[in-house]
Amino acid sequence: MKKKVNFDICTFCNHKCTFCSNSDPRTIKEQTTLEDFKKVMANVARHVEITELGLSAKGEVLVNKEFAKIVESSKKEFNIPYVYFSTNGALLTKKKAVELLEAGIDSIKFSINALDVSAYKSVHLVDDFDSVIQNFRDLLQLKSEKYPNLRIFISSVIDIDKESLTKKFEAIFGANFALVNGISVYALGYTPKFEVTSQKTVTKKCKIPFDELYINSDGTLGLCCKDYFDSINFGSLIKHDFLDIYNSKEFAAVREMHTKSEFPENHLCKNCLLYGEA
């Protein structure tokens, strides 16, 4: 079987963004060691052809000191064709960027959520705007000079239309901004109140339980990155064979829910902010 895999190798973060679940005390803080990463990936790779690998979700992946080695392992030991991560960019210095590029990273997405120092601090609750902008400039320059195949993206929650935002970023980053592969603009939609039942109706099938795998920092198989507080956990991929967990009655039940579009009240998928409408 072929699968896209998201392995959330670090849920610690150096920022406290107002829109993010990470600062909520229910977020479990964990990071994956290189040793455990290899154990989990070897387990999965015995049964799955991994088409792409994301290495971030609920935290800042650059906090993980073994990140570059994990990227290198992904490319050299597990031959994954496309490996990527998202970052707030504050820790992605030019030196660190080169280290990751030499390790084989294919794509980097910067989360840039303000256009000036004051607005940035009000959203991220830290004063890293100038560092982030310089780090992004350096990354664009590295792509221009030596790493033309690197894919670079921006994600943002800035509340303006995409065309206007693009023009503002162009003004900040200059000619090299043409090297950016895409911009994603997201609405401020996070709520930690999953205990409050939503009145949403599932309007489209979710592909994640069928086409993707989500692995928590402790090596357990979860459901998806929208499970901010790890409410659904199918078992350890360090201790148990992947197929035993993937074919378990618990995971099969979730897939059946999505097939039938029938969910228990207060189920994570019923309340999902991505796949439901009020």
# chains A, B, ... in the order shown; residues from 1 in each chain; ligands from 1
call {"tool": "residues_around", "arguments": {"residues": "Ser74 of chain A", "least_positions_apart": "4", "cutoff": "10 Å", "atoms": "only C-alpha atoms", "output": "PyMOL selection string"}}
result
chain A and resi 37-38+41+52-53+55+68-70+78-83+103-105
call {"tool": "residues_around", "arguments": {"residues": "Thr87 of chain A", "least_positions_apart": "3", "cutoff": "9 Å", "atoms": "only C-alpha atoms", "output": "number ranges by chain"}}
result
A: 56, 59-62, 90-92, 108-111
call {"tool": "residues_around", "arguments": {"residues": "Arg137 of chain A", "least_positions_apart": "3", "cutoff": "8 Å", "atoms": "only C-alpha atoms", "output": "PyMOL selection string"}}
result
chain A and resi 133-134+140-141+173+176
call {"tool": "atom_distance", "arguments": {"atom1": "atom CA of His267 of chain A", "atom2": "atom CA of His240 of chain A"}}
result
25.5 Å
call {"tool": "select_by_dssp", "arguments": {"residues": "segment 17-257 of chain A", "states": "helix (DSSP H, G or I)", "output": "PyMOL selection string"}}
result
chain A and resi 21-23+34-45+61-63+67-76+94-103+117-124+129-145+162-179+208-211+242-246+249-257
call {"tool": "write_last_selection", "arguments": {"atoms": "C-alpha atoms", "output": "JSON list (two decimals), in the first residue's frame"}}
result
[["chain", "number", "residue", "atom", "x", "y", "z"],
["A", 21, "SER", "CA", -3.18, 24.81, 20.20],
["A", 22, "ASN", "CA", 0.42, 24.31, 21.29],
["A", 23, "SER", "CA", 0.28, 26.70, 24.24],
["A", 34, "LEU", "CA", 16.70, 9.44, 15.99],
["A", 35, "GLU", "CA", 16.77, 5.89, 17.36],
["A", 36, "ASP", "CA", 12.99, 5.74, 17.83],
["A", 37, "PHE", "CA", 12.40, 7.42, 14.49],
["A", 38, "LYS", "CA", 14.33, 4.66, 12.75],
["A", 39, "LYS", "CA", 12.47, 1.94, 14.65],
["A", 40, "VAL", "CA", 9.08, 3.36, 13.74],
["A", 41, "MET", "CA", 9.95, 4.03, 10.11],
["A", 42, "ALA", "CA", 11.43, 0.55, 9.65],
["A", 43, "ASN", "CA", 8.22, -0.90, 11.04],
["A", 44, "VAL", "CA", 6.01, 1.14, 8.72],
["A", 45, "ALA", "CA", 8.25, 0.75, 5.67],
["A", 61, "VAL", "CA", 10.46, 20.87, 14.61],
["A", 62, "LEU", "CA", 13.75, 22.79, 14.74],
["A", 63, "VAL", "CA", 13.71, 22.45, 18.53],
["A", 67, "PHE", "CA", 16.26, 16.89, 13.16],
["A", 68, "ALA", "CA", 18.95, 17.03, 10.46],
["A", 69, "LYS", "CA", 19.93, 13.41, 11.17],
["A", 70, "ILE", "CA", 16.26, 12.41, 10.94],
["A", 71, "VAL", "CA", 15.99, 14.11, 7.55],
["A", 72, "GLU", "CA", 19.16, 12.37, 6.38],
["A", 73, "SER", "CA", 17.81, 9.01, 7.56],
["A", 74, "SER", "CA", 14.53, 9.64, 5.75],
["A", 75, "LYS", "CA", 16.34, 10.18, 2.47],
["A", 76, "LYS", "CA", 19.27, 7.77, 2.66],
["A", 94, "LYS", "CA", 21.46, 30.13, 7.27],
["A", 95, "LYS", "CA", 23.80, 27.58, 8.88],
["A", 96, "LYS", "CA", 20.89, 25.37, 9.94],
["A", 97, "ALA", "CA", 19.26, 25.71, 6.52],
["A", 98, "VAL", "CA", 22.42, 24.52, 4.78],
["A", 99, "GLU", "CA", 22.66, 21.58, 7.19],
["A", 100, "LEU", "CA", 19.09, 20.52, 6.33],
["A", 101, "LEU", "CA", 19.55, 21.09, 2.61],
["A", 102, "GLU", "CA", 22.67, 18.95, 2.61],
["A", 103, "ALA", "CA", 20.73, 16.29, 4.55],
["A", 117, "VAL", "CA", 7.41, 43.86, 14.34],
["A", 118, "SER", "CA", 4.47, 45.02, 16.43],
["A", 119, "ALA", "CA", 1.85, 42.84, 14.76],
["A", 120, "TYR", "CA", 4.19, 39.84, 14.82],
["A", 121, "LYS", "CA", 4.73, 40.13, 18.56],
["A", 122, "SER", "CA", 1.00, 40.40, 19.18],
["A", 123, "VAL", "CA", 0.39, 37.12, 17.30],
["A", 124, "HIS", "CA", 3.48, 35.07, 18.18],
["A", 129, "PHE", "CA", 10.02, 39.20, 13.29],
["A", 130, "ASP", "CA", 13.36, 40.55, 12.07],
["A", 131, "SER", "CA", 15.07, 37.17, 12.55],
["A", 132, "VAL", "CA", 12.33, 35.34, 10.66],
["A", 133, "ILE", "CA", 12.41, 37.77, 7.75],
["A", 134, "GLN", "CA", 16.21, 37.57, 7.50],
["A", 135, "ASN", "CA", 16.16, 33.78, 7.71],
["A", 136, "PHE", "CA", 13.61, 33.65, 4.91],
["A", 137, "ARG", "CA", 15.72, 36.01, 2.78],
["A", 138, "ASP", "CA", 18.73, 33.77, 3.37],
["A", 139, "LEU", "CA", 16.74, 30.68, 2.38],
["A", 140, "LEU", "CA", 15.63, 32.31, -0.86],
["A", 141, "GLN", "CA", 19.23, 33.27, -1.58],
["A", 142, "LEU", "CA", 20.41, 29.71, -0.95],
["A", 143, "LYS", "CA", 17.82, 28.46, -3.42],
["A", 144, "SER", "CA", 18.94, 31.05, -5.95],
["A", 145, "GLU", "CA", 22.64, 30.22, -5.61],
["A", 162, "LYS", "CA", -4.16, 36.39, -1.03],
["A", 163, "GLU", "CA", -3.38, 38.78, -3.89],
["A", 164, "SER", "CA", -2.79, 41.71, -1.54],
["A", 165, "LEU", "CA", -0.73, 39.58, 0.80],
["A", 166, "THR", "CA", 1.42, 38.38, -2.07],
["A", 167, "LYS", "CA", 2.18, 41.97, -3.06],
["A", 168, "LYS", "CA", 3.16, 42.86, 0.50],
["A", 169, "PHE", "CA", 5.51, 39.89, 0.72],
["A", 170, "GLU", "CA", 6.99, 40.83, -2.65],
["A", 171, "ALA", "CA", 7.75, 44.28, -1.26],
["A", 172, "ILE", "CA", 9.49, 42.78, 1.79],
["A", 173, "PHE", "CA", 11.55, 40.09, 0.03],
["A", 174, "GLY", "CA", 12.34, 41.69, -3.30],
["A", 175, "ALA", "CA", 13.27, 39.95, -6.54],
["A", 176, "ASN", "CA", 13.98, 36.57, -4.94],
["A", 177, "PHE", "CA", 10.36, 36.33, -3.88],
["A", 178, "ALA", "CA", 9.75, 34.91, -7.36],
["A", 179, "LEU", "CA", 11.41, 31.72, -6.05],
["A", 208, "ILE", "CA", -6.73, 10.87, 6.03],
["A", 209, "PRO", "CA", -7.90, 7.57, 7.62],
["A", 210, "PHE", "CA", -7.56, 5.87, 4.22],
["A", 211, "ASP", "CA", -4.61, 7.48, 2.43],
["A", 242, "PHE", "CA", 2.29, -1.75, 12.01],
["A", 243, "LEU", "CA", -0.31, -4.02, 10.39],
["A", 244, "ASP", "CA", -1.62, -5.15, 13.78],
["A", 245, "ILE", "CA", -2.32, -1.54, 14.69],
["A", 246, "TYR", "CA", -3.51, -0.41, 11.26],
["A", 249, "LYS", "CA", -10.85, -2.89, 15.29],
["A", 250, "GLU", "CA", -10.38, 0.63, 16.69],
["A", 251, "PHE", "CA", -8.87, 2.00, 13.47],
["A", 252, "ALA", "CA", -11.30, 0.01, 11.32],
["A", 253, "ALA", "CA", -14.17, 1.60, 13.25],
["A", 254, "VAL", "CA", -12.93, 5.09, 12.39],
["A", 255, "ARG", "CA", -12.66, 4.23, 8.70],
["A", 256, "GLU", "CA", -16.19, 2.82, 8.80],
["A", 257, "MET", "CA", -17.46, 6.06, 10.35]]
call {"tool": "residues_around", "arguments": {"residues": "Ala57 of chain A", "least_positions_apart": "2", "cutoff": "9 Å", "atoms": "only C-alpha atoms", "output": "JSON, numbers by chain"}}
result
{"A": [6, 7, 8, 9, 10, 11, 54, 55, 59, 60, 61, 85, 86, 225, 226]}
call {"tool": "atom_distance", "arguments": {"atom1": "atom CA of Arg151 of chain A", "atom2": "atom CA of Asp106 of chain A"}}
result
6.3 Å
call {"tool": "residues_around", "arguments": {"residues": "Tyr228 of chain A", "least_positions_apart": "2", "cutoff": "12 Å", "atoms": "only C-alpha atoms", "output": "JSON, numbers by chain"}}
result
{"A": [8, 11, 20, 21, 22, 23, 24, 25, 26, 27, 28, 29, 57, 58, 59, 190, 191, 192, 193, 194, 216, 222, 223, 224, 225, 226, 230, 231, 232, 233, 268, 272, 273]}
call {"tool": "closest_residue", "arguments": {"among": "A:Arg46, A:Lys65, A:Lys16, A:Lys270", "to": "Asp227 of chain A", "atoms": "only C-alpha atoms"}}
result
A:Lys270
call {"tool": "select_by_dssp", "arguments": {"residues": "segment 31-186 of chain A", "states": "strand (DSSP E)", "output": "PyMOL selection string"}}
result
chain A and resi 49-54+83-87+107-111+151-156+182-185
call {"tool": "closest_residue", "arguments": {"among": "A:Val48, A:Asp159, A:Phe19, A:Asn64", "to": "Ser217 of chain A", "atoms": "only C-alpha atoms"}}
result
A:Asn64
call {"tool": "atom_distance", "arguments": {"atom1": "atom CA of Lys207 of chain A", "atom2": "atom CA of Ser156 of chain A"}}
result
23.9 Å
call {"tool": "closest_residue", "arguments": {"among": "A:Gln31, A:Thr18, A:Lys260, A:Asn113", "to": "Asp218 of chain A", "atoms": "only C-alpha atoms"}}
result
A:Gln31
call {"tool": "decode", "arguments": {"residues": "segment 58-102 of chain A", "atoms": "C-alpha atoms", "output": "JSON list (two decimals), in the first residue's frame"}}
result
[["chain", "number", "residue", "atom", "x", "y", "z"],
["A", 58, "LYS", "CA", 1.88, 20.60, 16.49],
["A", 59, "GLY", "CA", 5.25, 22.12, 17.46],
["A", 60, "GLU", "CA", 8.45, 23.68, 16.14],
["A", 61, "VAL", "CA", 10.46, 20.87, 14.61],
["A", 62, "LEU", "CA", 13.75, 22.79, 14.74],
["A", 63, "VAL", "CA", 13.71, 22.45, 18.53],
["A", 64, "ASN", "CA", 14.55, 18.77, 17.96],
["A", 65, "LYS", "CA", 18.36, 18.65, 18.00],
["A", 66, "GLU", "CA", 18.44, 15.47, 15.91],
["A", 67, "PHE", "CA", 16.26, 16.89, 13.16],
["A", 68, "ALA", "CA", 18.95, 17.03, 10.46],
["A", 69, "LYS", "CA", 19.93, 13.41, 11.17],
["A", 70, "ILE", "CA", 16.26, 12.41, 10.94],
["A", 71, "VAL", "CA", 15.99, 14.11, 7.55],
["A", 72, "GLU", "CA", 19.16, 12.37, 6.38],
["A", 73, "SER", "CA", 17.81, 9.01, 7.56],
["A", 74, "SER", "CA", 14.53, 9.64, 5.75],
["A", 75, "LYS", "CA", 16.34, 10.18, 2.47],
["A", 76, "LYS", "CA", 19.27, 7.77, 2.66],
["A", 77, "GLU", "CA", 17.94, 4.85, 4.72],
["A", 78, "PHE", "CA", 14.25, 4.92, 3.79],
["A", 79, "ASN", "CA", 14.54, 6.45, 0.30],
["A", 80, "ILE", "CA", 11.52, 8.70, 0.73],
["A", 81, "PRO", "CA", 11.16, 10.81, -2.40],
["A", 82, "TYR", "CA", 9.66, 13.93, -0.82],
["A", 83, "VAL", "CA", 10.43, 15.10, 2.72],
["A", 84, "TYR", "CA", 9.19, 18.42, 4.07],
["A", 85, "PHE", "CA", 8.44, 20.43, 7.20],
["A", 86, "SER", "CA", 6.78, 23.61, 8.42],
["A", 87, "THR", "CA", 8.44, 26.11, 10.73],
["A", 88, "ASN", "CA", 7.97, 29.54, 12.27],
["A", 89, "GLY", "CA", 11.45, 30.18, 10.89],
["A", 90, "ALA", "CA", 13.00, 31.82, 13.94],
["A", 91, "LEU", "CA", 15.52, 29.00, 14.42],
["A", 92, "LEU", "CA", 16.20, 28.40, 10.71],
["A", 93, "THR", "CA", 19.46, 30.31, 10.46],
["A", 94, "LYS", "CA", 21.46, 30.13, 7.27],
["A", 95, "LYS", "CA", 23.80, 27.58, 8.88],
["A", 96, "LYS", "CA", 20.89, 25.37, 9.94],
["A", 97, "ALA", "CA", 19.26, 25.71, 6.52],
["A", 98, "VAL", "CA", 22.42, 24.52, 4.78],
["A", 99, "GLU", "CA", 22.66, 21.58, 7.19],
["A", 100, "LEU", "CA", 19.09, 20.52, 6.33],
["A", 101, "LEU", "CA", 19.55, 21.09, 2.61],
["A", 102, "GLU", "CA", 22.67, 18.95, 2.61]]
